[in-house]
Every structure is written in C-alpha cells, then in structure tokens.
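Data from work-v9.txt: compact mmCIF, C-alpha atoms and all ligand atoms
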```
# COMPACT_ATOMS: atom_id res chain seq x y z
CA MET S 1 -108.05 -200.41 -70.89
CA LYS S 2 -104.43 -199.22 -71.18
CA ILE S 3 -102.46 -198.68 -67.97
CA LEU S 4 -99.33 -196.54 -67.54
CA ILE S 5 -96.88 -197.07 -64.66
CA THR S 6 -94.41 -194.22 -64.09
CA GLY S 7 -91.29 -194.96 -62.01
CA ALA S 8 -91.75 -198.59 -63.09
CA ALA S 9 -88.09 -199.52 -62.57
CA GLY S 10 -88.28 -198.83 -58.83
CA GLN S 11 -88.90 -201.02 -55.79
CA ILE S 12 -92.71 -201.04 -56.11
CA GLY S 13 -93.02 -200.48 -59.87
CA SER S 14 -90.86 -203.45 -60.82
CA GLU S 15 -93.30 -205.78 -59.01
CA LEU S 16 -96.52 -203.89 -59.74
CA VAL S 17 -95.86 -204.29 -63.47
CA VAL S 18 -95.83 -208.07 -63.12
CA ALA S 19 -99.05 -208.10 -61.07
CA LEU S 20 -100.87 -205.74 -63.46
CA ARG S 21 -99.68 -207.55 -66.59
CA LYS S 22 -100.90 -210.84 -65.09
CA GLN S 23 -104.32 -209.31 -64.45
CA TYR S 24 -104.81 -207.11 -67.55
CA GLY S 25 -102.45 -208.59 -70.18
CA ILE S 26 -98.87 -207.72 -71.10
CA SER S 27 -99.67 -205.34 -73.95
CA ASN S 28 -102.15 -203.35 -71.84
CA VAL S 29 -99.57 -202.26 -69.25
CA ILE S 30 -97.09 -199.64 -70.45
CA THR S 31 -94.05 -199.10 -68.23
CA SER S 32 -92.00 -195.90 -68.08
CA ASP S 33 -89.06 -194.54 -66.14
CA ILE S 34 -85.99 -192.32 -66.62
CA ASN S 35 -83.93 -195.44 -66.03
CA SER S 36 -84.12 -197.94 -68.91
CA LYS S 37 -81.43 -200.26 -67.56
CA ALA S 38 -82.77 -201.27 -64.12
CA ASN S 39 -85.03 -204.32 -64.30
CA GLU S 40 -84.76 -204.25 -68.09
CA ALA S 41 -85.91 -207.85 -68.49
CA ILE S 42 -89.09 -207.27 -66.46
CA LEU S 43 -90.03 -203.88 -67.92
CA GLN S 44 -89.30 -204.63 -71.56
CA GLU S 45 -91.30 -207.85 -71.57
CA GLY S 46 -94.04 -205.45 -72.73
CA PRO S 47 -94.20 -201.83 -73.93
CA PHE S 48 -91.65 -199.54 -72.25
CA GLU S 49 -91.17 -195.76 -72.72
CA LEU S 50 -88.26 -193.70 -71.49
CA ALA S 51 -90.07 -190.68 -70.00
CA ASP S 52 -89.30 -188.07 -67.34
CA CYS S 53 -92.35 -187.00 -65.33
CA THR S 54 -90.88 -183.51 -64.91
CA ASN S 55 -91.15 -183.18 -68.71
CA TYR S 56 -94.82 -182.53 -69.54
CA GLN S 57 -94.42 -183.19 -73.27
CA GLN S 58 -92.68 -186.56 -72.79
CA ILE S 59 -95.48 -187.84 -70.55
CA LYS S 60 -98.14 -186.39 -72.87
CA ASN S 61 -96.60 -188.25 -75.83
CA VAL S 62 -96.75 -191.55 -73.93
CA ILE S 63 -100.37 -191.03 -72.86
CA GLN S 64 -101.43 -190.07 -76.40
CA LYS S 65 -99.46 -192.81 -78.15
CA HIS S 66 -100.83 -195.62 -75.98
CA HIS S 67 -104.36 -194.25 -75.33
CA ILE S 68 -103.76 -194.48 -71.58
CA LYS S 69 -106.82 -194.58 -69.29
CA VAL S 70 -105.29 -195.50 -65.90
CA ILE S 71 -102.03 -194.15 -64.42
CA TYR S 72 -100.12 -195.63 -61.47
CA HIS S 73 -97.81 -192.69 -60.77
CA LEU S 74 -94.86 -194.13 -58.83
CA ALA S 75 -92.00 -191.87 -60.00
CA ALA S 76 -90.69 -190.08 -56.92
CA ILE S 77 -87.69 -189.24 -54.75
CA LEU S 78 -87.78 -191.03 -51.39
CA SER S 79 -87.17 -189.58 -47.92
CA GLY S 80 -83.39 -190.08 -47.47
CA VAL S 81 -82.50 -188.81 -50.94
CA ALA S 82 -85.08 -186.01 -50.66
CA GLU S 83 -83.38 -184.70 -47.52
CA ALA S 84 -80.02 -184.62 -49.38
CA LYS S 85 -81.56 -183.11 -52.55
CA PRO S 86 -84.69 -181.17 -51.57
CA GLN S 87 -84.87 -179.15 -54.82
CA LEU S 88 -84.82 -182.35 -56.89
CA ALA S 89 -87.45 -183.90 -54.59
CA TRP S 90 -89.76 -180.90 -55.00
CA ASN S 91 -89.36 -180.94 -58.77
CA VAL S 92 -89.98 -184.67 -59.22
CA ASN S 93 -92.57 -185.20 -56.48
CA MET S 94 -94.61 -182.02 -57.07
CA ASN S 95 -94.11 -180.98 -60.70
CA GLY S 96 -94.18 -184.63 -61.78
CA LEU S 97 -97.50 -185.17 -60.01
CA TYR S 98 -98.93 -181.89 -61.34
CA HIS S 99 -98.11 -182.97 -64.92
CA ILE S 100 -99.77 -186.34 -64.37
CA LEU S 101 -102.91 -184.75 -62.93
CA GLU S 102 -103.17 -182.16 -65.70
CA LEU S 103 -102.73 -184.81 -68.40
CA ALA S 104 -105.18 -187.14 -66.63
CA ARG S 105 -107.70 -184.29 -66.69
CA GLU S 106 -107.13 -183.73 -70.42
CA TYR S 107 -107.20 -187.43 -71.39
CA HIS S 108 -109.79 -188.62 -68.84
CA CYS S 109 -107.54 -191.05 -66.95
CA SER S 110 -107.87 -192.28 -63.38
CA VAL S 111 -104.76 -191.86 -61.22
CA PHE S 112 -103.24 -193.87 -58.36
CA THR S 113 -100.61 -191.93 -56.34
CA PRO S 114 -98.91 -193.43 -53.28
CA SER S 115 -98.54 -191.22 -50.25
CA SER S 116 -96.57 -192.37 -47.22
CA ILE S 117 -96.28 -192.48 -43.45
CA GLY S 118 -93.90 -189.62 -44.29
CA ALA S 119 -96.94 -187.36 -44.74
CA PHE S 120 -97.15 -187.17 -40.93
CA GLY S 121 -94.89 -185.19 -38.61
CA PRO S 122 -93.79 -184.81 -34.99
CA SER S 123 -97.07 -183.16 -33.89
CA THR S 124 -99.14 -186.12 -35.25
CA PRO S 125 -100.32 -188.68 -32.66
CA ARG S 126 -97.72 -191.43 -33.13
CA ASP S 127 -99.67 -194.46 -31.89
CA LYS S 128 -102.80 -195.61 -33.69
CA THR S 129 -102.32 -192.54 -35.91
CA PRO S 130 -105.86 -191.66 -37.05
CA GLN S 131 -106.89 -191.46 -40.69
CA ASP S 132 -107.72 -187.76 -40.31
CA THR S 133 -105.31 -185.96 -38.01
CA ILE S 134 -102.61 -183.27 -37.75
CA GLN S 135 -100.17 -183.37 -40.69
CA ARG S 136 -97.19 -181.05 -40.25
CA PRO S 137 -94.29 -183.12 -41.67
CA THR S 138 -90.78 -181.76 -41.14
CA SER S 139 -88.95 -183.66 -43.94
CA CYS S 140 -88.91 -182.40 -47.53
CA TYR S 141 -90.31 -185.77 -48.62
CA GLY S 142 -93.19 -185.37 -46.16
CA VAL S 143 -93.95 -181.86 -47.38
CA THR S 144 -94.29 -183.18 -50.95
CA LYS S 145 -96.37 -186.15 -49.81
CA VAL S 146 -98.93 -184.13 -47.86
CA ALA S 147 -99.08 -181.52 -50.64
CA GLY S 148 -99.58 -184.37 -53.14
CA GLU S 149 -102.47 -185.80 -51.12
CA LEU S 150 -104.12 -182.36 -51.05
CA LEU S 151 -103.53 -181.74 -54.77
CA CYS S 152 -105.14 -185.10 -55.65
CA ASP S 153 -108.13 -184.24 -53.41
CA TYR S 154 -108.38 -180.88 -55.17
CA TYR S 155 -108.43 -182.42 -58.67
CA PHE S 156 -111.19 -184.79 -57.56
CA ARG S 157 -113.29 -181.98 -56.04
CA LYS S 158 -112.65 -179.38 -58.76
CA TYR S 159 -112.62 -181.54 -61.91
CA GLY S 160 -114.17 -184.86 -60.84
CA LEU S 161 -110.88 -186.61 -61.69
CA ASP S 162 -110.80 -190.18 -60.34
CA THR S 163 -107.77 -189.87 -58.04
CA ARG S 164 -106.99 -192.55 -55.42
CA GLY S 165 -104.07 -193.24 -53.10
CA LEU S 166 -102.62 -194.99 -50.08
CA ARG S 167 -100.34 -193.90 -47.27
CA TYR S 168 -97.87 -196.75 -47.58
CA PRO S 169 -95.64 -197.69 -44.66
CA GLY S 170 -92.11 -199.04 -45.31
CA ILE S 171 -92.34 -201.70 -48.03
CA ILE S 172 -90.28 -204.89 -47.64
CA SER S 173 -89.45 -206.79 -50.81
CA ASN S 174 -86.94 -209.05 -52.55
CA VAL S 175 -86.91 -208.13 -56.25
CA THR S 176 -85.59 -204.54 -56.35
CA LEU S 177 -83.66 -202.81 -53.58
CA PRO S 178 -85.34 -199.73 -52.09
CA GLY S 179 -84.56 -196.30 -53.53
CA GLY S 180 -83.09 -194.33 -50.62
CA GLY S 181 -85.70 -194.15 -47.86
CA THR S 182 -85.76 -194.22 -44.06
CA THR S 183 -87.35 -197.67 -43.87
CA ASP S 184 -84.74 -199.26 -46.21
CA TYR S 185 -83.04 -200.95 -43.25
CA ALA S 186 -85.88 -203.48 -43.07
CA VAL S 187 -84.92 -204.74 -46.55
CA GLU S 188 -81.12 -204.39 -46.30
CA ILE S 189 -81.09 -206.46 -43.10
CA PHE S 190 -82.24 -209.57 -45.01
CA TYR S 191 -79.56 -209.28 -47.72
CA GLU S 192 -76.83 -208.72 -45.10
CA ALA S 193 -78.09 -211.52 -42.85
CA ILE S 194 -77.94 -213.99 -45.73
CA GLN S 195 -74.73 -212.75 -47.38
CA HIS S 196 -72.62 -211.70 -44.36
CA LYS S 197 -74.49 -212.86 -41.23
CA LYS S 198 -73.98 -209.36 -39.83
CA TYR S 199 -75.89 -206.06 -40.20
CA THR S 200 -75.16 -202.53 -39.02
CA CYS S 201 -78.49 -200.76 -38.55
CA PHE S 202 -78.80 -197.01 -39.21
CA LEU S 203 -81.87 -196.60 -36.97
CA LYS S 204 -81.63 -197.05 -33.22
CA GLN S 205 -83.17 -199.74 -31.07
CA GLY S 206 -86.78 -198.95 -30.14
CA THR S 207 -87.57 -197.09 -33.40
CA PHE S 208 -91.01 -198.52 -34.18
CA LEU S 209 -92.31 -197.95 -37.71
CA ASP S 210 -95.18 -199.39 -39.75
CA MET S 211 -94.15 -201.86 -42.47
CA MET S 212 -95.76 -204.06 -45.15
CA TYR S 213 -94.64 -206.97 -47.35
CA MET S 214 -94.74 -206.30 -51.11
CA PRO S 215 -97.55 -208.77 -52.00
CA ASP S 216 -99.86 -206.86 -49.64
CA ALA S 217 -98.70 -203.49 -51.04
CA LEU S 218 -99.54 -204.60 -54.61
CA GLN S 219 -102.87 -206.08 -53.57
CA ALA S 220 -103.78 -202.83 -51.78
CA ALA S 221 -103.09 -200.65 -54.84
CA ILE S 222 -104.97 -202.88 -57.27
CA GLN S 223 -107.88 -203.47 -54.89
CA LEU S 224 -108.27 -199.74 -54.23
CA MET S 225 -108.24 -198.97 -57.96
CA GLU S 226 -110.87 -201.64 -58.64
CA THR S 227 -113.19 -200.58 -55.83
CA ASP S 228 -116.53 -199.00 -56.69
CA PRO S 229 -115.82 -195.27 -56.19
CA LYS S 230 -119.19 -194.86 -54.44
CA ASN S 231 -117.64 -196.61 -51.42
CA LEU S 232 -114.72 -194.19 -51.06
CA LYS S 233 -114.84 -191.30 -48.62
CA HIS S 234 -111.06 -190.95 -48.21
CA ARG S 235 -109.90 -191.16 -51.81
CA ASN S 236 -106.30 -190.15 -51.81
CA ALA S 237 -104.61 -191.02 -48.61
CA PHE S 238 -105.81 -194.20 -46.95
CA ASN S 239 -103.70 -195.28 -43.96
CA VAL S 240 -102.67 -198.91 -44.63
CA THR S 241 -100.39 -201.03 -42.50
CA ALA S 242 -99.60 -204.69 -41.91
CA MET S 243 -97.10 -204.72 -39.01
CA SER S 244 -95.21 -202.37 -36.70
CA PHE S 245 -91.80 -203.25 -35.31
CA ALA S 246 -88.43 -201.83 -34.21
CA PRO S 247 -85.01 -203.01 -35.54
CA GLU S 248 -84.46 -205.43 -32.64
CA HIS S 249 -87.72 -207.24 -33.44
CA ILE S 250 -86.93 -207.95 -37.09
CA PHE S 251 -83.41 -208.92 -36.01
CA GLY S 252 -84.87 -211.41 -33.50
CA GLU S 253 -87.19 -212.84 -36.12
CA ILE S 254 -84.38 -213.33 -38.69
CA LYS S 255 -82.16 -214.86 -35.99
CA GLN S 256 -84.68 -217.66 -35.57
CA HIS S 257 -83.81 -218.69 -39.16
CA ILE S 258 -80.09 -217.74 -39.09
CA PRO S 259 -78.90 -218.36 -35.50
CA ASP S 260 -75.37 -216.89 -35.97
CA PHE S 261 -76.71 -213.59 -37.36
CA THR S 262 -75.51 -210.51 -35.41
CA MET S 263 -76.50 -206.83 -35.55
CA ASP S 264 -74.96 -203.61 -34.26
CA TYR S 265 -75.95 -199.97 -34.68
CA LYS S 266 -74.39 -196.92 -36.36
CA ILE S 267 -77.07 -194.27 -36.31
CA ASP S 268 -77.63 -192.02 -39.33
CA PRO S 269 -78.82 -188.79 -37.65
CA VAL S 270 -80.77 -187.59 -40.71
CA ARG S 271 -82.82 -190.75 -41.17
CA GLN S 272 -83.20 -191.23 -37.39
CA CYS S 273 -84.66 -187.73 -37.15
CA ILE S 274 -87.09 -188.53 -39.98
CA ALA S 275 -88.09 -191.86 -38.38
CA ASP S 276 -88.66 -190.15 -35.02
CA SER S 277 -91.16 -187.81 -36.70
CA TRP S 278 -93.23 -190.63 -38.27
CA PRO S 279 -96.04 -192.73 -36.77
CA ARG S 280 -95.13 -195.81 -34.73
CA SER S 281 -98.34 -197.52 -35.84
CA MET S 282 -101.23 -196.28 -37.95
CA ASP S 283 -104.96 -196.89 -37.61
CA ASP S 284 -106.06 -198.27 -40.99
CA SER S 285 -109.71 -198.87 -40.15
CA ALA S 286 -110.98 -196.47 -42.85
CA ALA S 287 -109.30 -198.63 -45.54
CA ARG S 288 -110.73 -201.77 -43.95
CA GLN S 289 -114.25 -200.30 -43.84
CA GLU S 290 -114.35 -198.47 -47.19
CA TRP S 291 -112.74 -201.04 -49.52
CA GLY S 292 -112.02 -204.17 -47.47
CA TRP S 293 -108.28 -203.78 -46.83
CA SER S 294 -106.89 -206.85 -45.05
CA PRO S 295 -103.16 -207.69 -45.16
CA GLN S 296 -101.98 -211.30 -45.42
CA TYR S 297 -98.44 -211.01 -43.99
CA ASP S 298 -97.34 -210.31 -40.41
CA LEU S 299 -93.69 -210.05 -39.28
CA SER S 300 -93.22 -213.79 -38.86
CA LYS S 301 -94.85 -214.85 -42.17
CA MET S 302 -93.05 -212.10 -44.11
CA THR S 303 -89.66 -213.04 -42.61
CA THR S 304 -90.06 -216.71 -43.49
CA ASP S 305 -90.97 -215.88 -47.07
CA MET S 306 -88.22 -213.24 -47.52
CA ILE S 307 -85.56 -215.69 -46.34
CA GLN S 308 -86.84 -218.51 -48.55
CA VAL S 309 -86.85 -216.27 -51.64
CA LEU S 310 -83.50 -214.57 -50.95
CA LEU S 311 -81.72 -217.83 -50.13
CA LYS S 312 -82.56 -219.00 -53.66
CA LYS S 313 -81.83 -215.62 -55.29
CA LEU S 314 -78.48 -214.98 -53.57
CA LYS S 315 -76.96 -218.46 -53.58
P1 LIG H 401 -88.08 -196.08 -55.95
O1 LIG H 401 -87.15 -194.98 -55.54
O2 LIG H 401 -87.66 -197.48 -55.74
O3 LIG H 401 -88.48 -195.91 -57.47
C1 LIG H 401 -88.80 -194.67 -58.02
C2 LIG H 401 -88.57 -194.75 -59.52
O4 LIG H 401 -88.85 -193.45 -60.05
C3 LIG H 401 -87.13 -195.08 -59.92
O5 LIG H 401 -87.11 -196.19 -60.80
C4 LIG H 401 -86.62 -193.82 -60.59
O6 LIG H 401 -85.73 -194.07 -61.67
C5 LIG H 401 -87.91 -193.20 -61.07
N1 LIG H 401 -87.81 -191.75 -61.25
C6 LIG H 401 -87.13 -190.85 -60.51
N2 LIG H 401 -87.24 -189.63 -61.05
C7 LIG H 401 -88.04 -189.75 -62.13
C8 LIG H 401 -88.52 -188.84 -63.09
N3 LIG H 401 -88.20 -187.55 -63.04
N4 LIG H 401 -89.33 -189.30 -64.07
C9 LIG H 401 -89.63 -190.62 -64.15
N5 LIG H 401 -89.18 -191.54 -63.29
C10 LIG H 401 -88.39 -191.10 -62.28
O7 LIG H 401 -89.47 -195.78 -55.21
P2 LIG H 401 -90.58 -196.83 -54.76
O8 LIG H 401 -90.18 -197.34 -53.44
O9 LIG H 401 -90.91 -197.77 -55.84
O10 LIG H 401 -91.80 -195.83 -54.49
C11 LIG H 401 -92.83 -195.61 -55.41
C12 LIG H 401 -93.83 -194.66 -54.79
O11 LIG H 401 -94.32 -195.22 -53.56
C13 LIG H 401 -93.25 -193.29 -54.40
O12 LIG H 401 -94.25 -192.31 -54.57
C14 LIG H 401 -92.96 -193.43 -52.93
O13 LIG H 401 -92.98 -192.19 -52.27
C15 LIG H 401 -94.12 -194.30 -52.50
N6 LIG H 401 -93.84 -195.03 -51.25
C16 LIG H 401 -92.87 -196.00 -51.24
C17 LIG H 401 -92.61 -196.67 -50.04
C18 LIG H 401 -91.57 -197.76 -49.96
O14 LIG H 401 -91.26 -198.20 -48.83
N7 LIG H 401 -91.01 -198.22 -51.07
C19 LIG H 401 -93.34 -196.34 -48.89
C20 LIG H 401 -94.26 -195.30 -48.95
C21 LIG H 401 -94.53 -194.67 -50.15
C1 LIG H 402 -89.12 -193.95 -47.17
O1 LIG H 402 -88.59 -194.43 -46.15
O2 LIG H 402 -88.84 -192.85 -47.67
C2 LIG H 402 -90.25 -194.73 -47.78
C3 LIG H 402 -91.54 -194.34 -47.17
C4 LIG H 402 -92.01 -194.98 -45.94
O3 LIG H 402 -92.20 -193.48 -47.69
N1 LIG H 402 -89.95 -196.12 -47.64
```
Just dump the structure as structure tokens.
Amino acid sequence: MKILITGAAGQIGSELVVALRKQYGISNVITSDINSKANEAILQEGPFELADCTNYQQIKNVIQKHHIKVIYHLAAILSGVAEAKPQLAWNVNMNGLYHILELAREYHCSVFTPSSIGAFGPSTPRDKTPQDTIQRPTSCYGVTKVAGELLCDYYFRKYGLDTRGLRYPGIISNVTLPGGGTTDYAVEIFYEAIQHKKYTCFLKQGTFLDMMYMPDALQAAIQLMETDPKNLKHRNAFNVTAMSFAPEHIFGEIKQHIPDFTMDYKIDPVRQCIADSWPRSMDDSAARQEWGWSPQYDLSKMTTDMIQVLLKKLK
C-alpha cells in the first residue's frame, strides 16, 4: 500500500513521514511539497516529489507514478498567513483539497484531511464545544476548514470515497517550527525560554485554547486511518484535544524548569481576534467512543519532554 503525504515539509508532515515510514516501510511513503529544501534530510530519506496541490496535473502524475492508495493531505495555509493572504489561502486550502478528492475518486484512494479548531466561530459554544454544533467561522482559514469538512463529507456520501479527518487543536512540537498560525506561541515560547529566557507573547493572558503534543497528533491520524470504517459516524471532523490552557499556564509550567524565565505581552490584534473566536476547550467524546482516541500527554508531561528535547537540540 503506497501512501502520499502532501505538505510533508511542514510542522506535522515532517514528523508524520517518520511515523508512517516506521510503520509501513520507507519506500511505501512518498513525500511531496512545494518546498524541497525544508527538512530535506528527513523527506529525501525515501521518495520525494516536488508537487503543488493547486496544480491538478502535478498531483495526478505523482499518484499515477507511485500507484498511491492512501493520501494524507497536509498542504495548507494556516490561520495567521491566511488572514494576510486570503486569496492564496482559498486557492491552496480549497482548490488543493478539491484536486486531491477528485484524484482520489479516480484512483480509488482513501484520504485523511486535517480540519482545525479554526472551523468554529464566535457563535459556537466555547466551552466543551460539542462535536456537532454551530460553525460560522469568521477567519478565512476557518471558512476553508469548515468548507473542507463539508466537501469531504460530500465525497463520502456521493461517491463512497473513504474520507476521514480530525479537528486538530494547536499542535506543539520540536522538529519543525509552525507555519504561521494563531497557536504558534505555544511552540515559540519553548525556543525563546531556552535560548533567551524571555518571551513576548502575542496572545493576551486568559486566552484559553485547546492544544496537543505532536506524538498524540500523529497517533490520532494513524489510528483514525486504521480504524474499521464501520465504527465511524463522524468521518471527517472529529474533535480531538489533549489539554486546554492560557499563555500564563504554559509560562508557569516552563518556569518550573527554567526559574529565571520571564514573559511579557505584545498583543497581535489579528491573531487575538482569531483566538477569541475559537473554542476554549472541545468535547472529544465522539472520537473516544468511535475509534478509541486517548491522548498520552497533558501540559506537565508535554512541557517536560519539550524542554528535554530542545535542550539537546539547541545547545
Ligand atoms: P505547515 O504550514 O507547517 O505546513 C504546510 C506545508 O504545506 C508546508 O510545508 C508548505 O510548503 C506546504 N504547502 C503550502 N502550499 C502548498 C501547495 N500549494 N502545494 C503543496 N504544498 C504546499 O502546516 P502544518 O501545521 O503541518 O498543518 C498541516 C495541516 O494540519 C493543515 O491542513 C493545517 O490546517 C492542519 N492543522 C494544523 C495545526 C497545527 O497546529 N499545526 C492545527 C490544526 C490543523
Ligand atoms: C493555527 O493556529 O492556524 C493552527 C490551527 C489550530 O489550526 N495551529
């Protein structure tokens, strides 16, 4: 079974490739991105293809050449960049996904597409956000995410295409820096704490958001794709979360490891506005019931591991 990862050079892709190659074999996982330089050593350990998901023919060539049967479609523009470049975000997030779904239909592939807490909006209940609830996002990113969820549902209903997906919260990781989102502060803070013992946060105190450590994010994607489809009622947009905290909480946790660490605030109004429209904490019971979702890392365990890894990496 040949697997294609699009957007493989990004924050999630650069770690998903390692996990999938470990499980399915190096030659069975084909990586692709428009960026061939980022994470070159990781991606080009196995087959790599330079391919733009907004270019139907380029993606078709890759799927044909490698006889792809499963696609993890990660190529996307994240919330902060999407707000600065909405036309680009629409093109990559919507036309890119449409090409993947059309080609998956033609070549009988199954498709994993991440959605996000960004698929919710200010009229969504913000605490214990239900699996099925109001979705009227106000960011461009959110508009593409909720439309993507619906499009994947449509391809399943109309064509029987095996589409699956997760509503990821902010992902915290230590291999590749995040790609321009609203939750990026929760990664940057570790690098700054270790390198400069000082961090200026762009979200204000009290801004609770759901988060997850990368090992749980990878496990969730692979576990969902391996689940017997008979068990799935919510195919394309499972709420999944592992922790919910505000900037002062992650600061306090890091300070236990680095006592002279300090933090101040310089609010970015665009990303603050986006964060204020997102859930504070999601209800992920549907994922727990339908395919056994159960995260391993809470705030304290994640912080300890992040600091251990980054101390080695940055020394
Ligand atoms: P990222 O920004 O780190 O990586 C995206 C990758 O896509 C980059 O390597 C980029 O070069 C590539 N790309 C951009 N335009 C492309 C194009 N036209 N064709 C091919 N590749 C292109 O993003 P990520 O954090 O790895 O996110 C992956 C997916 O997970 C996205 O759908 C994102 O919305 C979703 N998600 C991420 C998070 C998170 O916190 N990282 C949270 C929720 C959802
Ligand atoms: C972002 O902040 O844009 C992403 C996300 C939660 O979708 N990290």
The centre and edge lengths of an axis-aligned box containing all atoms of ligand LIG 401 (chain H) present in the file, extended by 3 Å on each side, are to be given in Å to one decimal, as AutoDock Vina command-line options.
```
--center_x -90.1 --center_y -192.9 --center_z -56.5 --size_x 14.8 --size_y 16.7 --size_z 21.3
```
ask   = Could you list, as a VMD selection string, all the residues within 6 Å of ligand LIG 401 (chain H), counting all atoms listed in the file?
value = chain S and resid 6 to 13 33 to 35 51 to 54 74 to 78 92 114 to 116 168 to 171 178 to 179
Close residues, segment 268-284 of chain S itself excluded, 10 Å, all atoms listed in the file, min 5 positions apart in chain, as a JSON list (two decimals) with C-alpha atoms, in the frame of the given file:
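So out33.json came out as:
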```
[["chain", "number", "residue", "atom", "x", "y", "z"],
["S", 79, "SER", "CA", -87.17, -189.58, -47.92],
["S", 80, "GLY", "CA", -83.39, -190.08, -47.47],
["S", 81, "VAL", "CA", -82.50, -188.81, -50.94],
["S", 83, "GLU", "CA", -83.38, -184.70, -47.52],
["S", 84, "ALA", "CA", -80.02, -184.62, -49.38],
["S", 116, "SER", "CA", -96.57, -192.37, -47.22],
["S", 117, "ILE", "CA", -96.28, -192.48, -43.45],
["S", 118, "GLY", "CA", -93.90, -189.62, -44.29],
["S", 119, "ALA", "CA", -96.94, -187.36, -44.74],
["S", 120, "PHE", "CA", -97.15, -187.17, -40.93],
["S", 121, "GLY", "CA", -94.89, -185.19, -38.61],
["S", 122, "PRO", "CA", -93.79, -184.81, -34.99],
["S", 123, "SER", "CA", -97.07, -183.16, -33.89],
["S", 124, "THR", "CA", -99.14, -186.12, -35.25],
["S", 125, "PRO", "CA", -100.32, -188.68, -32.66],
["S", 126, "ARG", "CA", -97.72, -191.43, -33.13],
["S", 127, "ASP", "CA", -99.67, -194.46, -31.89],
["S", 128, "LYS", "CA", -102.80, -195.61, -33.69],
["S", 129, "THR", "CA", -102.32, -192.54, -35.91],
["S", 130, "PRO", "CA", -105.86, -191.66, -37.05],
["S", 131, "GLN", "CA", -106.89, -191.46, -40.69],
["S", 132, "ASP", "CA", -107.72, -187.76, -40.31],
["S", 136, "ARG", "CA", -97.19, -181.05, -40.25],
["S", 137, "PRO", "CA", -94.29, -183.12, -41.67],
["S", 138, "THR", "CA", -90.78, -181.76, -41.14],
["S", 139, "SER", "CA", -88.95, -183.66, -43.94],
["S", 140, "CYS", "CA", -88.91, -182.40, -47.53],
["S", 141, "TYR", "CA", -90.31, -185.77, -48.62],
["S", 142, "GLY", "CA", -93.19, -185.37, -46.16],
["S", 167, "ARG", "CA", -100.34, -193.90, -47.27],
["S", 169, "PRO", "CA", -95.64, -197.69, -44.66],
["S", 181, "GLY", "CA", -85.70, -194.15, -47.86],
["S", 182, "THR", "CA", -85.76, -194.22, -44.06],
["S", 183, "THR", "CA", -87.35, -197.67, -43.87],
["S", 201, "CYS", "CA", -78.49, -200.76, -38.55],
["S", 202, "PHE", "CA", -78.80, -197.01, -39.21],
["S", 203, "LEU", "CA", -81.87, -196.60, -36.97],
["S", 204, "LYS", "CA", -81.63, -197.05, -33.22],
["S", 207, "THR", "CA", -87.57, -197.09, -33.40],
["S", 208, "PHE", "CA", -91.01, -198.52, -34.18],
["S", 209, "LEU", "CA", -92.31, -197.95, -37.71],
["S", 210, "ASP", "CA", -95.18, -199.39, -39.75],
["S", 211, "MET", "CA", -94.15, -201.86, -42.47],
["S", 238, "PHE", "CA", -105.81, -194.20, -46.95],
["S", 239, "ASN", "CA", -103.70, -195.28, -43.96],
["S", 240, "VAL", "CA", -102.67, -198.91, -44.63],
["S", 241, "THR", "CA", -100.39, -201.03, -42.50],
["S", 242, "ALA", "CA", -99.60, -204.69, -41.91],
["S", 243, "MET", "CA", -97.10, -204.72, -39.01],
["S", 244, "SER", "CA", -95.21, -202.37, -36.70],
["S", 245, "PHE", "CA", -91.80, -203.25, -35.31],
["S", 246, "ALA", "CA", -88.43, -201.83, -34.21],
["S", 289, "GLN", "CA", -114.25, -200.30, -43.84],
["S", 293, "TRP", "CA", -108.28, -203.78, -46.83],
["S", 294, "SER", "CA", -106.89, -206.85, -45.05]]
```
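Here atom CA of Leu43 of chain S and atom CA of Tyr72 of chain S stand 14.5 Å from one another.
The shortest atom-to-atom distance to ligand LIG 402 (chain H), with all atoms listed in the file taken into account, belongs to S:Val146 out of S:Met94, S:Leu310, S:Val146, S:Leu161.
Take the candidates S:Lys233, S:His99, S:Lys255, S:His249 and check each one against Leu151 of chain S using only C-alpha atoms; the shortest distance goes to S:His99.
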query = Any idea what's packed within 10 Å of Gln195 of chain S, counting all atoms listed in the file, ignoring anything in its chain fewer than 2 positions away? Could you give it as number ranges by chain?
reply = S: 189-193, 197-199, 310-311, 314-315
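Nearest-residue note for Ala221 of chain S: choosing from S:Ile30, S:Ala237, S:Val143, S:Thr176, the minimum distance belongs to S:Ala237, counting all atoms listed in the file.
When only C-alpha atoms and all ligand atoms are used to compute distances to ligand LIG 402 (chain H), the closest of the residues S:Met225, S:Ile5, S:Ala89, S:Leu101 turns out to be S:Ala89.
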